[in-house]
>>> print(open('model_14.tsv').read())   # TSV, C-alpha atoms
chain	number	residue	atom	x	y	z
A	1	MET	CA	4.68	-26.87	-8.88
A	2	ASN	CA	7.85	-25.06	-9.91
A	3	LEU	CA	9.02	-21.54	-10.68
A	4	LYS	CA	8.64	-22.00	-14.43
A	5	GLN	CA	5.00	-22.99	-13.98
A	6	MET	CA	4.44	-19.95	-11.77
A	7	LYS	CA	5.87	-17.67	-14.45
A	8	TYR	CA	3.77	-19.30	-17.15
A	9	PHE	CA	0.63	-19.06	-15.02
A	10	LEU	CA	1.17	-15.35	-14.26
A	11	THR	CA	1.81	-14.55	-17.90
A	12	ILE	CA	-1.38	-16.32	-19.03
A	13	ALA	CA	-3.34	-14.44	-16.37
A	14	ASP	CA	-1.82	-11.09	-17.35
A	15	GLU	CA	-2.31	-11.62	-21.10
A	16	GLY	CA	-5.75	-13.19	-20.85
A	17	SER	CA	-5.06	-15.96	-23.37
A	18	ILE	CA	-2.62	-18.76	-24.02
A	19	SER	CA	-1.82	-17.53	-27.52
A	20	ARG	CA	-0.79	-14.05	-26.33
A	21	ALA	CA	1.11	-15.50	-23.37
A	22	ALA	CA	2.99	-17.86	-25.70
A	23	ARG	CA	4.13	-14.90	-27.82
A	24	VAL	CA	5.33	-13.03	-24.74
A	25	LEU	CA	7.19	-16.10	-23.45
A	26	HIS	CA	8.59	-16.95	-26.91
A	27	ILE	CA	7.32	-20.51	-26.80
A	28	SER	CA	4.68	-22.37	-28.78
A	29	GLN	CA	1.14	-22.82	-27.48
A	30	PRO	CA	1.03	-26.65	-27.02
A	31	PRO	CA	3.75	-26.87	-24.32
A	32	LEU	CA	2.27	-23.84	-22.54
A	33	SER	CA	-1.19	-25.42	-22.53
A	34	GLN	CA	0.34	-28.66	-21.24
A	35	GLN	CA	2.10	-26.87	-18.38
A	36	LEU	CA	-1.18	-25.22	-17.37
A	37	ARG	CA	-3.04	-28.56	-17.44
A	38	GLN	CA	-0.34	-30.17	-15.32
A	39	LEU	CA	-0.55	-27.34	-12.81
A	40	GLU	CA	-4.33	-27.61	-12.51
A	41	GLU	CA	-4.12	-31.39	-12.17
A	42	GLU	CA	-1.46	-31.14	-9.49
A	43	LEU	CA	-3.39	-28.54	-7.50
A	44	ARG	CA	-6.75	-30.23	-8.21
A	45	VAL	CA	-8.43	-26.90	-8.92
A	46	ARG	CA	-9.60	-25.04	-11.99
A	47	LEU	CA	-7.55	-21.87	-12.38
A	48	PHE	CA	-9.21	-20.29	-15.43
A	49	VAL	CA	-12.61	-19.96	-16.99
A	50	ARG	CA	-12.03	-20.52	-20.71
A	51	GLY	CA	-13.95	-18.21	-23.02
A	52	ALA	CA	-14.12	-17.99	-26.81
A	53	ARG	CA	-11.44	-15.31	-26.95
A	54	SER	CA	-10.14	-14.87	-23.43
A	55	MET	CA	-9.42	-16.61	-20.15
A	56	THR	CA	-10.33	-15.21	-16.73
A	57	LEU	CA	-9.17	-16.34	-13.33
A	58	THR	CA	-11.41	-18.37	-11.05
A	59	ASP	CA	-11.47	-17.64	-7.31
A	60	ALA	CA	-8.78	-20.29	-6.88
A	61	GLY	CA	-6.80	-18.71	-9.71
A	62	ARG	CA	-6.92	-15.28	-8.11
A	63	LEU	CA	-5.62	-16.74	-4.85
A	64	LEU	CA	-2.79	-18.54	-6.64
A	65	TYR	CA	-1.98	-15.33	-8.57
A	66	GLN	CA	-1.19	-13.54	-5.31
A	67	HIS	CA	0.95	-16.39	-4.03
A	68	ALA	CA	2.75	-16.81	-7.36
A	69	GLN	CA	3.72	-13.13	-7.40
A	70	ASN	CA	5.17	-13.44	-3.90
A	71	ILE	CA	6.99	-16.69	-4.76
A	72	LEU	CA	8.71	-15.22	-7.82
A	73	GLU	CA	9.56	-12.05	-5.94
A	74	LEU	CA	11.17	-14.08	-3.14
A	75	SER	CA	13.09	-16.13	-5.68
A	76	ASP	CA	14.42	-13.03	-7.42
A	77	ARG	CA	15.29	-11.49	-4.07
A	78	ALA	CA	17.23	-14.59	-2.97
A	79	VAL	CA	19.31	-14.56	-6.16
A	80	LYS	CA	20.16	-10.88	-5.76
A	81	ASP	CA	21.03	-11.28	-2.07
A	82	LEU	CA	23.32	-14.24	-2.79
A	83	GLN	CA	25.09	-12.35	-5.56
A	84	GLN	CA	26.42	-9.97	-2.93
A	85	PHE	CA	28.72	-12.68	-1.56
A	86	GLU	CA	30.52	-12.78	-4.90
A	87	ASP	CA	30.65	-9.01	-5.42
A	88	ASP	CA	30.54	-6.64	-2.45
A	89	GLY	CA	29.67	-3.70	-4.69
A	90	ARG	CA	26.67	-5.36	-6.29
A	91	GLY	CA	23.32	-6.23	-4.82
A	92	SER	CA	19.78	-5.13	-4.14
A	93	LEU	CA	18.57	-3.08	-1.18
A	94	ARG	CA	14.92	-3.29	-0.16
A	95	ILE	CA	13.92	-0.16	1.78
A	96	GLY	CA	10.50	0.92	2.98
A	97	MET	CA	9.83	4.66	3.13
A	98	VAL	CA	6.95	6.68	4.50
A	99	SER	CA	6.05	9.59	2.23
A	100	SER	CA	7.31	12.16	4.73
A	101	SER	CA	10.81	10.62	4.63
A	102	GLU	CA	11.39	12.03	1.14
A	103	VAL	CA	13.05	15.12	2.56
A	104	PRO	CA	16.53	16.53	1.82
A	105	TYR	CA	18.19	15.58	5.11
A	106	VAL	CA	17.25	11.91	4.54
A	107	LEU	CA	18.02	11.70	0.83
A	108	GLU	CA	21.33	13.55	1.14
A	109	ARG	CA	22.52	10.97	3.68
A	110	ILE	CA	21.83	8.22	1.17
A	111	ARG	CA	24.13	9.83	-1.40
A	112	PRO	CA	27.46	8.67	0.18
A	113	PHE	CA	26.24	5.06	0.09
A	114	ARG	CA	25.19	5.50	-3.54
A	115	ASP	CA	28.61	6.94	-4.39
A	116	ARG	CA	30.42	4.11	-2.58
A	117	TYR	CA	28.30	1.36	-4.18
A	118	PRO	CA	27.29	2.68	-7.61
A	119	ARG	CA	26.08	-0.72	-8.85
A	120	MET	CA	23.64	-1.18	-5.98
A	121	GLU	CA	19.99	-1.52	-6.96
A	122	PHE	CA	17.37	0.18	-4.79
A	123	GLN	CA	13.93	-1.37	-4.33
A	124	ILE	CA	11.75	1.26	-2.65
A	125	TYR	CA	8.45	0.24	-1.05
A	126	GLU	CA	6.20	3.16	-0.09
A	127	GLY	CA	3.48	3.05	2.52
A	128	ASN	CA	2.47	4.41	5.89
A	129	THR	CA	4.29	3.37	9.06
A	130	TYR	CA	1.89	0.55	9.90
A	131	GLN	CA	2.13	-0.91	6.40
A	132	LEU	CA	5.92	-0.82	6.49
A	133	LEU	CA	6.02	-2.55	9.87
A	134	ASP	CA	3.83	-5.33	8.44
A	135	TRP	CA	5.98	-5.61	5.30
A	136	MET	CA	9.08	-5.87	7.44
A	137	LYS	CA	7.52	-8.73	9.41
A	138	GLU	CA	6.76	-10.42	6.07
A	139	ASP	CA	10.40	-9.91	4.94
A	140	ARG	CA	9.27	-7.77	2.04
A	141	VAL	CA	11.67	-5.03	3.17
A	142	GLU	CA	14.89	-5.25	5.19
A	143	LEU	CA	15.11	-1.64	6.30
A	144	ALA	CA	12.46	1.03	6.66
A	145	PHE	CA	12.20	4.74	7.37
A	146	VAL	CA	9.14	5.09	9.61
A	147	ARG	CA	7.81	7.80	11.90
A	148	THR	CA	7.29	7.76	15.62
A	149	PRO	CA	5.16	6.88	17.43
A	150	PHE	CA	5.15	3.15	16.69
A	151	ALA	CA	5.62	-0.06	18.68
A	152	GLU	CA	9.42	-0.41	18.85
A	153	ASP	CA	9.51	-3.93	20.32
A	154	GLY	CA	11.38	-6.32	18.06
A	155	PHE	CA	13.13	-3.60	16.04
A	156	GLU	CA	16.57	-2.04	16.11
A	157	CYS	CA	16.02	1.70	15.78
A	158	LEU	CA	18.30	4.45	14.50
A	159	PHE	CA	16.53	7.66	15.49
A	160	LEU	CA	16.97	10.79	13.40
A	161	GLU	CA	16.29	14.37	14.48
A	162	GLU	CA	13.19	15.09	16.52
A	163	GLU	CA	10.96	17.64	14.87
A	164	THR	CA	7.82	19.61	15.61
A	165	MET	CA	4.52	19.43	13.79
A	166	ALA	CA	3.20	22.27	11.66
A	167	ALA	CA	-0.13	23.52	10.36
A	168	VAL	CA	-0.23	24.00	6.59
A	169	GLY	CA	-3.06	25.59	4.62
A	170	LYS	CA	-4.27	28.49	2.55
A	171	GLN	CA	-3.40	31.86	4.08
A	172	GLU	CA	-7.07	32.80	4.55
A	173	PHE	CA	-7.32	30.15	7.29
A	174	PHE	CA	-4.63	31.89	9.37
A	175	ARG	CA	-4.90	35.11	11.35
A	176	GLY	CA	-2.50	37.59	9.81
A	177	GLY	CA	-2.02	35.34	6.80
A	178	GLN	CA	1.44	33.93	7.68
A	179	PRO	CA	2.08	33.45	11.42
A	180	GLU	CA	5.19	31.63	12.64
A	181	GLU	CA	3.24	29.77	15.33
A	182	ILE	CA	-0.35	28.78	15.94
A	183	THR	CA	-2.15	27.82	19.15
A	184	MET	CA	-4.39	24.82	19.71
A	185	GLN	CA	-7.31	27.21	20.21
A	186	GLU	CA	-6.72	28.71	16.77
A	187	LEU	CA	-6.35	25.26	15.25
A	188	ALA	CA	-9.66	24.11	16.72
A	189	GLU	CA	-11.45	26.80	14.72
A	190	MET	CA	-10.12	25.50	11.39
A	191	PRO	CA	-11.21	22.60	9.17
A	192	LEU	CA	-8.39	20.21	10.06
A	193	ILE	CA	-6.80	17.47	7.97
A	194	ILE	CA	-4.90	14.97	10.13
A	195	TYR	CA	-3.14	11.60	10.06
A	196	ARG	CA	-5.32	8.85	11.53
A	197	ARG	CA	-2.47	7.50	13.65
A	198	TRP	CA	-1.96	10.90	15.34
A	199	GLU	CA	-5.60	11.48	16.18
A	200	THR	CA	-5.26	10.26	19.77
A	201	ILE	CA	-2.14	12.37	20.36
A	202	LEU	CA	-3.76	15.49	18.92
A	203	ASN	CA	-6.89	14.90	20.96
A	204	HIS	CA	-4.74	14.81	24.09
A	205	SER	CA	-2.93	17.99	23.04
A	206	PHE	CA	-6.21	19.85	22.57
A	207	ARG	CA	-7.47	18.75	26.00
A	208	GLU	CA	-4.13	19.59	27.64
A	209	ALA	CA	-4.40	23.11	26.19
A	210	GLY	CA	-7.92	23.43	27.64
A	211	VAL	CA	-9.58	23.25	24.23
A	212	SER	CA	-12.47	21.01	23.21
A	213	VAL	CA	-11.47	18.40	20.66
A	214	PRO	CA	-12.79	19.59	17.29
A	215	ASP	CA	-14.59	17.56	14.66
A	216	TYR	CA	-11.86	16.84	12.11
A	217	PHE	CA	-12.68	17.66	8.51
A	218	CYS	CA	-10.53	14.86	7.05
A	219	VAL	CA	-8.69	11.92	8.64
A	220	CYS	CA	-6.28	10.09	6.30
A	221	ASP	CA	-3.18	7.87	6.31
A	222	ASP	CA	-0.62	9.73	4.21
A	223	MET	CA	1.24	13.03	4.31
A	224	ARG	CA	0.83	13.50	0.56
A	225	THR	CA	-2.95	13.23	0.87
A	226	SER	CA	-2.94	15.76	3.71
A	227	LEU	CA	-0.88	18.26	1.72
A	228	ALA	CA	-2.89	17.72	-1.47
A	229	TRP	CA	-6.15	18.45	0.34
A	230	ALA	CA	-4.60	21.50	1.99
A	231	GLU	CA	-3.31	22.76	-1.36
A	232	SER	CA	-6.83	22.37	-2.78
A	233	GLY	CA	-8.10	24.72	-0.08
A	234	PHE	CA	-10.20	22.17	1.79
A	235	GLY	CA	-8.59	22.80	5.16
A	236	THR	CA	-5.41	22.97	7.24
A	237	ALA	CA	-3.17	19.91	7.39
A	238	ILE	CA	-1.14	18.89	10.43
A	239	VAL	CA	2.15	17.43	9.13
A	240	PRO	CA	5.82	17.11	10.17
A	241	ALA	CA	7.61	20.44	9.85
A	242	SER	CA	10.24	18.96	7.51
A	243	SER	CA	7.50	18.17	5.00
A	244	CYS	CA	6.67	21.82	4.47
A	245	ASP	CA	9.69	22.93	2.41
A	246	ARG	CA	7.68	23.30	-0.80
A	247	ALA	CA	4.51	24.63	0.83
A	248	GLY	CA	5.36	28.23	-0.06
A	249	ASP	CA	5.61	27.33	-3.75
A	250	ALA	CA	2.01	26.10	-3.57
A	251	GLY	CA	0.83	29.31	-1.90
A	252	LEU	CA	0.37	27.70	1.51
A	253	ALA	CA	1.04	29.25	4.89
A	254	VAL	CA	3.05	27.25	7.45
A	255	ALA	CA	2.89	27.71	11.23
A	256	ARG	CA	4.48	25.60	13.99
A	257	LEU	CA	2.19	24.20	16.68
A	258	ALA	CA	2.99	26.48	19.62
A	259	ASP	CA	1.42	24.74	22.61
A	260	ALA	CA	1.21	21.09	21.55
A	261	ARG	CA	3.56	18.36	22.72
A	262	VAL	CA	3.26	16.57	19.42
A	263	ARG	CA	6.73	15.56	18.27
A	264	THR	CA	7.84	13.05	15.70
A	265	ARG	CA	11.09	11.47	14.53
A	266	LEU	CA	11.99	9.64	11.39
A	267	THR	CA	13.52	6.33	12.40
A	268	LEU	CA	15.52	3.82	10.37
A	269	ILE	CA	14.56	0.36	11.60
A	270	HIS	CA	15.25	-3.32	10.99
A	271	ARG	CA	14.21	-6.52	12.73
A	272	LYS	CA	16.24	-7.78	15.68
A	273	ASP	CA	15.56	-11.44	14.95
A	274	ARG	CA	16.68	-11.54	11.31
A	275	PRO	CA	20.20	-11.31	9.89
A	276	LEU	CA	20.71	-8.50	7.40
A	277	SER	CA	22.06	-8.86	3.90
A	278	ARG	CA	25.49	-7.41	3.24
A	279	SER	CA	23.85	-4.55	1.31
A	280	ALA	CA	21.67	-3.63	4.29
A	281	GLU	CA	24.60	-3.85	6.72
A	282	ASN	CA	26.68	-1.56	4.51
A	283	PHE	CA	23.80	0.88	4.19
A	284	LEU	CA	23.28	1.05	7.96
A	285	LYS	CA	26.98	1.60	8.57
A	286	CYS	CA	27.22	4.29	5.91
A	287	TYR	CA	24.05	6.04	7.09
A	288	ALA	CA	25.10	6.04	10.74
A	289	GLU	CA	28.39	7.70	9.79
A	290	ARG	CA	26.43	10.72	8.57
A	291	LEU	CA	24.49	11.26	11.81
>>> encode(input="model_14.tsv", output="structure tokens")
Amino acid sequence: MNLKQMKYFLTIADEGSISRAARVLHISQPPLSQQLRQLEEELRVRLFVRGARSMTLTDAGRLLYQHAQNILELSDRAVKDLQQFEDDGRGSLRIGMVSSSEVPYVLERIRPFRDRYPRMEFQIYEGNTYQLLDWMKEDRVELAFVRTPFAEDGFECLFLEEETMAAVGKQEFFRGGQPEEITMQELAEMPLIIYRRWETILNHSFREAGVSVPDYFCVCDDMRTSLAWAESGFGTAIVPASSCDRAGDAGLAVARLADARVRTRLTLIHRKDRPLSRSAENFLKCYAERL
């Protein structure tokens, strides 16, 4: 099994027929069919169910499809990483980002690196903190912007500014329409939209304030989902304060949590046990200079 066979296999699966795949690959059908037969014989499994006009993946084919995608991605990544040794200004940077890291004070600190290395390619992988931690362990990303709290063992951490949490929702949910702060008691009376990973911390904050833990209206895994539901008028979202810059444009009120000890920090992390590519090292150095 080789990389060429993996590419051929993926193209056949994506196109649904050998004839269409052959056109995409700019080769004739007989050698493509032969490569597929050789692959099935080598693996001793049937990868496709052949129909009159189309081909569909078997269970074994679907499993190989996932592995083949990862194999080709790793191959492409290795080539790009090795190219950096020939040209310090060229390369590919694989960064994971939580949705709430797309804020001005993060993006503006990336600009000096972009100016210094204009030929650098950015590969951005978006997910929640737990997903990014898993992808880092799988070497899918080298660096990641995640949010505290998370298990820091095994990671080098560059902590950014600590920030408070804020309540965001339609003005009718707030007393006075647009307060600067809101208490846990007032929050408990609202339909709340929260991150799943902060549920335990918020529960503790309610109890610490002498308030019964409310039944949450919506528990989700992404800041964008929280804000979208708040903008639709379903309830009040609890999100990092830095994520609320555009809330006013959507007609939402924003109030800081007055008596909760809920704090969060964006953190730039990488694994302690893996060497970084030159691109990642340069990015870390450049980013740290701006702190």
>>> closest_residue(input="model_14.tsv", among="A:Leu187, A:Asp249, A:Ser226, A:Glu121", to="Val213 in chain A", atoms="only C-alpha atoms")
A:Leu187
>>> closest_residue(input="model_14.tsv", among="A:Ala209, A:Arg62, A:Leu47, A:Ala68", to="Gln5 in chain A", atoms="only C-alpha atoms")
A:Ala68
>>> closest_residue(input="model_14.tsv", among="A:Gln171, A:Asn282, A:Ser212, A:Thr11", to="Leu252 in chain A", atoms="all atoms listed in the file")
A:Gln171
>>> closest_residue(input="model_14.tsv", among="A:Glu126, A:Glu108, A:Glu142, A:Asp134", to="Lys272 in chain A", atoms="all atoms listed in the file")
A:Glu142
>>> closest_residue(input="model_14.tsv", among="A:Glu231, A:Asp273, A:Glu208, A:Glu102", to="Met184 in chain A", atoms="all atoms listed in the file")
A:Glu208
>>> closest_residue(input="model_14.tsv", among="A:Arg23, A:Arg147, A:Arg53, A:Lys4", to="Leu36 in chain A", atoms="all atoms listed in the file")
A:Lys4
>>> residues_around(input="model_14.tsv", residues="Leu72 in chain A", least_positions_apart="3", cutoff="9 Å", atoms="only C-alpha atoms", output="JSON, numbers by chain")
{"A": [3, 6, 7, 67, 68, 69, 75, 76, 77]}
>>> write_last_selection(input="model_14.tsv", atoms="C-alpha atoms", output="mmCIF file, in the coordinates of the input")
data_model
loop_
_atom_site.group_PDB
_atom_site.id
_atom_site.type_symbol
_atom_site.label_atom_id
_atom_site.label_comp_id
_atom_site.auth_asym_id
_atom_site.auth_seq_id
_atom_site.Cartn_x
_atom_site.Cartn_y
_atom_site.Cartn_z
ATOM 1 C CA LEU A 3 9.020 -21.540 -10.680
ATOM 2 C CA MET A 6 4.440 -19.950 -11.770
ATOM 3 C CA LYS A 7 5.870 -17.670 -14.450
ATOM 4 C CA HIS A 67 0.950 -16.390 -4.030
ATOM 5 C CA ALA A 68 2.750 -16.810 -7.360
ATOM 6 C CA GLN A 69 3.720 -13.130 -7.400
ATOM 7 C CA SER A 75 13.090 -16.130 -5.680
ATOM 8 C CA ASP A 76 14.420 -13.030 -7.420
ATOM 9 C CA ARG A 77 15.290 -11.490 -4.070
#
>>> decode(input="model_14.tsv", residues="range 160-222 of chain A", atoms="C-alpha atoms", output="PDB file, in the first residue's frame")
ATOM      1  CA  LEU A 160      -2.698  35.640  28.083  1.00  0.00           C
ATOM      2  CA  GLU A 161      -4.754  38.181  30.025  1.00  0.00           C
ATOM      3  CA  GLU A 162      -7.199  36.914  32.620  1.00  0.00           C
ATOM      4  CA  GLU A 163     -10.722  38.080  31.943  1.00  0.00           C
ATOM      5  CA  THR A 164     -14.130  38.006  33.564  1.00  0.00           C
ATOM      6  CA  MET A 165     -17.250  36.318  32.267  1.00  0.00           C
ATOM      7  CA  ALA A 166     -20.262  38.262  31.057  1.00  0.00           C
ATOM      8  CA  ALA A 167     -23.977  37.715  30.583  1.00  0.00           C
ATOM      9  CA  VAL A 168     -25.223  38.502  27.076  1.00  0.00           C
ATOM     10  CA  GLY A 169     -28.858  38.575  25.971  1.00  0.00           C
ATOM     11  CA  LYS A 170     -31.793  40.620  24.807  1.00  0.00           C
ATOM     12  CA  GLN A 171     -32.339  43.734  26.905  1.00  0.00           C
ATOM     13  CA  GLU A 172     -35.758  42.542  28.126  1.00  0.00           C
ATOM     14  CA  PHE A 173     -33.994  39.868  30.207  1.00  0.00           C
ATOM     15  CA  PHE A 174     -32.088  42.512  32.197  1.00  0.00           C
ATOM     16  CA  ARG A 175     -33.402  44.851  34.860  1.00  0.00           C
ATOM     17  CA  GLY A 176     -32.985  48.380  33.583  1.00  0.00           C
ATOM     18  CA  GLY A 177     -32.217  47.082  30.105  1.00  0.00           C
ATOM     19  CA  GLN A 178     -28.424  47.616  30.109  1.00  0.00           C
ATOM     20  CA  PRO A 179     -26.733  47.125  33.513  1.00  0.00           C
ATOM     21  CA  GLU A 180     -22.939  47.085  33.804  1.00  0.00           C
ATOM     22  CA  GLU A 181     -23.001  44.178  36.269  1.00  0.00           C
ATOM     23  CA  ILE A 182     -25.369  41.387  37.172  1.00  0.00           C
ATOM     24  CA  THR A 183     -25.625  39.258  40.315  1.00  0.00           C
ATOM     25  CA  MET A 184     -25.898  35.493  40.517  1.00  0.00           C
ATOM     26  CA  GLN A 185     -29.380  35.911  41.981  1.00  0.00           C
ATOM     27  CA  GLU A 186     -30.466  37.879  38.913  1.00  0.00           C
ATOM     28  CA  LEU A 187     -28.841  35.345  36.621  1.00  0.00           C
ATOM     29  CA  ALA A 188     -30.692  32.462  38.275  1.00  0.00           C
ATOM     30  CA  GLU A 189     -33.991  34.022  37.221  1.00  0.00           C
ATOM     31  CA  MET A 190     -33.060  34.004  33.518  1.00  0.00           C
ATOM     32  CA  PRO A 191     -33.094  31.239  30.900  1.00  0.00           C
ATOM     33  CA  LEU A 192     -29.352  30.613  30.791  1.00  0.00           C
ATOM     34  CA  ILE A 193     -27.181  29.379  27.922  1.00  0.00           C
ATOM     35  CA  ILE A 194     -23.840  28.026  29.151  1.00  0.00           C
ATOM     36  CA  TYR A 195     -20.742  26.117  28.061  1.00  0.00           C
ATOM     37  CA  ARG A 196     -20.856  22.492  29.188  1.00  0.00           C
ATOM     38  CA  ARG A 197     -17.286  22.608  30.503  1.00  0.00           C
ATOM     39  CA  TRP A 198     -18.120  25.545  32.813  1.00  0.00           C
ATOM     40  CA  GLU A 199     -21.235  24.020  34.300  1.00  0.00           C
ATOM     41  CA  THR A 200     -19.472  22.759  37.432  1.00  0.00           C
ATOM     42  CA  ILE A 201     -17.760  26.115  38.010  1.00  0.00           C
ATOM     43  CA  LEU A 202     -20.991  28.053  37.560  1.00  0.00           C
ATOM     44  CA  ASN A 203     -22.821  25.670  39.867  1.00  0.00           C
ATOM     45  CA  HIS A 204     -20.210  26.374  42.533  1.00  0.00           C
ATOM     46  CA  SER A 205     -20.511  30.127  41.971  1.00  0.00           C
ATOM     47  CA  PHE A 206     -24.281  30.015  42.431  1.00  0.00           C
ATOM     48  CA  ARG A 207     -23.957  28.033  45.669  1.00  0.00           C
ATOM     49  CA  GLU A 208     -21.173  30.311  46.934  1.00  0.00           C
ATOM     50  CA  ALA A 209     -23.481  33.298  46.371  1.00  0.00           C
ATOM     51  CA  GLY A 210     -26.223  31.557  48.371  1.00  0.00           C
ATOM     52  CA  VAL A 211     -28.360  30.917  45.294  1.00  0.00           C
ATOM     53  CA  SER A 212     -29.927  27.626  44.243  1.00  0.00           C
ATOM     54  CA  VAL A 213     -28.437  26.247  41.052  1.00  0.00           C
ATOM     55  CA  PRO A 214     -30.958  26.942  38.271  1.00  0.00           C
ATOM     56  CA  ASP A 215     -32.110  24.589  35.552  1.00  0.00           C
ATOM     57  CA  TYR A 216     -30.095  25.711  32.526  1.00  0.00           C
ATOM     58  CA  PHE A 217     -32.066  26.386  29.368  1.00  0.00           C
ATOM     59  CA  CYS A 218     -29.254  25.320  27.015  1.00  0.00           C
ATOM     60  CA  VAL A 219     -25.891  23.633  27.607  1.00  0.00           C
ATOM     61  CA  CYS A 220     -23.548  23.630  24.581  1.00  0.00           C
ATOM     62  CA  ASP A 221     -19.865  23.391  23.627  1.00  0.00           C
ATOM     63  CA  ASP A 222     -19.142  26.543  21.633  1.00  0.00           C
TER      64      ASP A 222
END
